[in-house]
Amino acid sequence: MIRTTNKLNLILGAVLLTGISGYAVNAFAHGGATGIVKERMDLMSNIGKAQKTLVAMFSGKEPYNIQKVQQAAKAIESHAGDRIPKLFPKGSTKMPSEALPAIWENWSEFQKLSQDLAIYAGALAINAGNKKGMMENSTMMGSGTMMGGGTMMGGGTMMGGSGTSAKEQVEMLSAMPPMASFQRLAQTCTACHTKFRLKKK
Amino acid sequence: MKKILLGAALVGLFTGASVATYLLWPIETKARIFSNTKGNVQRGAYLARSSGCFGCHTNEKAKGPVLAGGGPLKTPFGTFYAPNITTHLEDGIGKWSLTDFSNALTHGKSPTGENYYPVFLYPNYTKLSNQDVADLWAAFKTVPPVANKVPAHELKFPFQYRFLLTAWKRLFFEHGEYEPNPKMSKQWNRGAFLATGPTHCVTCHSPKNLLGGIDNDRQLNGDVNGQNGEKIPAITATALSKNGWTKKDIVFALKTGSKPDGDAFGSSMGEVVRESTRFLTDADLNAIAEYVMSIENKDGKSIVKSPQ
């Protein structure tokens with residue numbers, strides 16, 4: 001009698017453990033993130049998935065497909081804009097969050113980057129079918145003059161120069177190859193991550 | 001017994017003194033000659049971008065004016081502040097000559113003969129040709145003067161003593177232009193020049209010894225004690241291939257900051273793309289990729305794959 005009960009207990013225990021660990025893997029994905037931290041990590045993962053598709057096509061590793069580009073761009077657009085700042089309530093830096101306090105110290109910049117992401121992704125969705133040209137090289141933006149916006153010796157983080165708004169750039173982009181939109185999108189990712197995401201320690 | 005001990009102590013002292021004297025003996029500066037070299041501003045601007053001047057010499061975090069001085073750069077030796085290199089007469093390099101500029105870049109020597117800390121990458125910039133230096137000078141002369149004094153470096157003992165750097169230079173620094181490897185292709189040599197010279201990939205991406213010199217036997221094998229507490233990844237062909245990177249991925253990432261897995265460079269590499277590598281030509285980016293993908297990791301050592 002005792003033997004059977006032990007066996008039963010073992011089986012029950014194993015089933016329970018499997019069930020729990022299955023749930024645990026899901027709830028503790030992203031290094032144990034829960035709640036809003038997990039939500040935004042999931043959002044970033046989704047952006048990353050779409051971006052992976054775009055990278056493959058713009059780097060020439062996969063054949064360029066207009067529909068796929070539009071899909072991915074629209075996906076990124078839908079995850080950006082107001083959505084990102086909403087997932088970063090003040091001081092939500094509890095582990096395993098990779099958000100830096102700099103976010104709330106530079107809140108308007110953080111918001112702007114999320115808006116830019118939506119704008120450039122939206123532009124890419126529109127321009128995906130534009131005639132493809134060579135990859136826009138930053139050298140083409142200036143003749144090496146000093147202290148200009150976005151030119152060689154000057155400042156200006158975005159291609160269009162420090163004085164141009166994202167909306168103005170979108171107009172410009174409608175006449176340019178889709179790569180131009182992609183590059184601005186990519187720069188926005190990097191701009192946010194370098195300033196606001198925890199560096200690998 | 002006492003005599004032997006005394007003798008041993010004296011020998012030890014003498015040896016120590018000799019070594020110190022040798023290490024600290026002033027190094028002769030083989031100043032470069034520019035008599036027939038005319039600098040080109042456009043080439044110089046491109047070189048300034050390739051060399052990463054903007055990243056260190058601008059305080060991006062504080063939205064400081066371009067090239068007017070950097071923010072705090074934390075290293076195991078203390079915190080450095082890159083100086084103002086605009087043409088400002090007091091705060092910048094407005095009073096410098098081409099010779100001053102050249103000695104700084106290629107010898108790590110200030111106009112008053114003092115040593116620069118190798119955080120200023122003269123061990124890499126020394127590989128620049130005379131034409132490169134002249135071009136850079138032409139470009140820097142066009143930067144408008146900006147008044148800004150950066151704080152003094154905050155260094156741990158004994159690194160605040162600049163004269164000790166003479167010893168460091170004797171041990172780890174070799175002056176000289178890049179010398180092409182005749183066995184390798186033109187593209188590989190261009191990549192080697194950039195990666196070990198101005199674009200200095202090897203500096204961040206290689207482990208350092210205790211005194212901050214690059215461990216050349218393990219070139220590109222990453223640095224767990226990177227600047228600002230970052231863990232800098234290995235980028236040998238071995239490491240990159242393991243993570244599924246190809247040459248195309250490298251070129252694309254250096255251009256856009258986007259990685260093949262869909263993530264973007266955060267950390268210092270994002271800055272590198274924004275301030276430097278996105279300005280490089282496709283040819284140069286391909287050359288860097290070629291070089292990097294030629295470095296294999298065999299039993300912990302980095303070796304160049306023989307040309308195919």
# chains A, B, ... in the order shown; residues from 1 in each chain; ligands from 1
>>> closest_atom_pairs(of="chain B", to="chain A", cutoff="8 Å", atoms="only C-alpha atoms", output="CSV")
residue,atom,partner,partner_atom,distance
B:Val41,CA,A:Gly144,CA,7.0
B:Gln42,CA,A:Gly144,CA,4.8
B:Arg43,CA,A:Gly144,CA,7.9
B:Ala45,CA,A:Gly144,CA,5.6
B:Tyr46,CA,A:Met152,CA,6.8
B:Ala48,CA,A:Met153,CA,7.6
B:Arg49,CA,A:Met152,CA,6.9
B:Val66,CA,A:Gly155,CA,6.2
B:Ala139,CA,A:Met146,CA,7.9
B:Thr142,CA,A:Met146,CA,6.5
B:Val143,CA,A:Met146,CA,6.0
B:Pro144,CA,A:Met147,CA,7.9
B:Gly229,CA,A:Lys201,CA,6.4
B:Glu230,CA,A:Lys201,CA,5.1
B:Lys231,CA,A:Lys201,CA,5.2
B:Lys248,CA,A:Ser59,CA,6.8
B:Asp249,CA,A:Ser59,CA,7.1
B:Phe252,CA,A:Ser59,CA,6.1
B:Thr256,CA,A:Ala186,CA,6.0
B:Gly257,CA,A:Thr190,CA,6.2
B:Ser258,CA,A:Ala186,CA,6.1
B:Lys259,CA,A:Val55,CA,7.3
B:Pro260,CA,A:Lys52,CA,6.1
B:Asp261,CA,A:Lys52,CA,5.3
B:Gly262,CA,A:Lys52,CA,3.7
B:Asp263,CA,A:Gly48,CA,5.5
B:Ala264,CA,A:Thr190,CA,5.4
B:Phe265,CA,A:Thr190,CA,5.7
B:Gly266,CA,A:Thr194,CA,4.2
B:Ser267,CA,A:Thr194,CA,4.9
B:Ser268,CA,A:Thr194,CA,6.9
B:Gly270,CA,A:Thr190,CA,5.6
B:Glu271,CA,A:Thr194,CA,7.0
B:Arg274,CA,A:Thr157,CA,6.9
B:Arg278,CA,A:Ser138,CA,6.3
B:Phe279,CA,A:Ser138,CA,4.8
B:Leu280,CA,A:Thr139,CA,7.4
B:Thr281,CA,A:Asn137,CA,7.1
>>> residues_around(residues="Gly222 of chain B", least_positions_apart="5", cutoff="8 Å", atoms="only C-alpha atoms", output="PyMOL selection string")
chain B and resi 204-207+231-235
>>> write_last_selection(atoms="C-alpha atoms", output="PDB file, in the first residue's frame")
ATOM      1  CA  CYS B 204      38.367  48.623 -27.230  1.00  0.00           C
ATOM      2  CA  HIS B 205      37.836  45.082 -28.440  1.00  0.00           C
ATOM      3  CA  SER B 206      41.087  43.581 -27.125  1.00  0.00           C
ATOM      4  CA  PRO B 207      41.989  42.632 -23.570  1.00  0.00           C
ATOM      5  CA  LYS B 231      31.871  44.358 -21.078  1.00  0.00           C
ATOM      6  CA  ILE B 232      33.187  44.662 -24.617  1.00  0.00           C
ATOM      7  CA  PRO B 233      32.571  41.616 -26.804  1.00  0.00           C
ATOM      8  CA  ALA B 234      35.099  39.659 -28.821  1.00  0.00           C
ATOM      9  CA  ILE B 235      34.921  40.310 -32.560  1.00  0.00           C
TER      10      ILE B 235
END
>>> residues_around(residues="Arg170 of chain B", least_positions_apart="5", cutoff="10 Å", atoms="only C-alpha atoms", output="number ranges by chain")
B: 22-27, 165
>>> write_last_selection(atoms="C-alpha atoms", output="tab-separated table (two decimals), in the first residue's frame")
chain	number	residue	atom	x	y	z
B	22	TYR	CA	66.25	53.12	-18.82
B	23	LEU	CA	62.48	53.16	-18.68
B	24	LEU	CA	62.25	56.81	-17.76
B	25	TRP	CA	65.00	58.11	-20.03
B	26	PRO	CA	63.37	60.67	-22.35
B	27	ILE	CA	62.37	59.13	-25.67
B	165	LEU	CA	54.32	57.44	-19.00
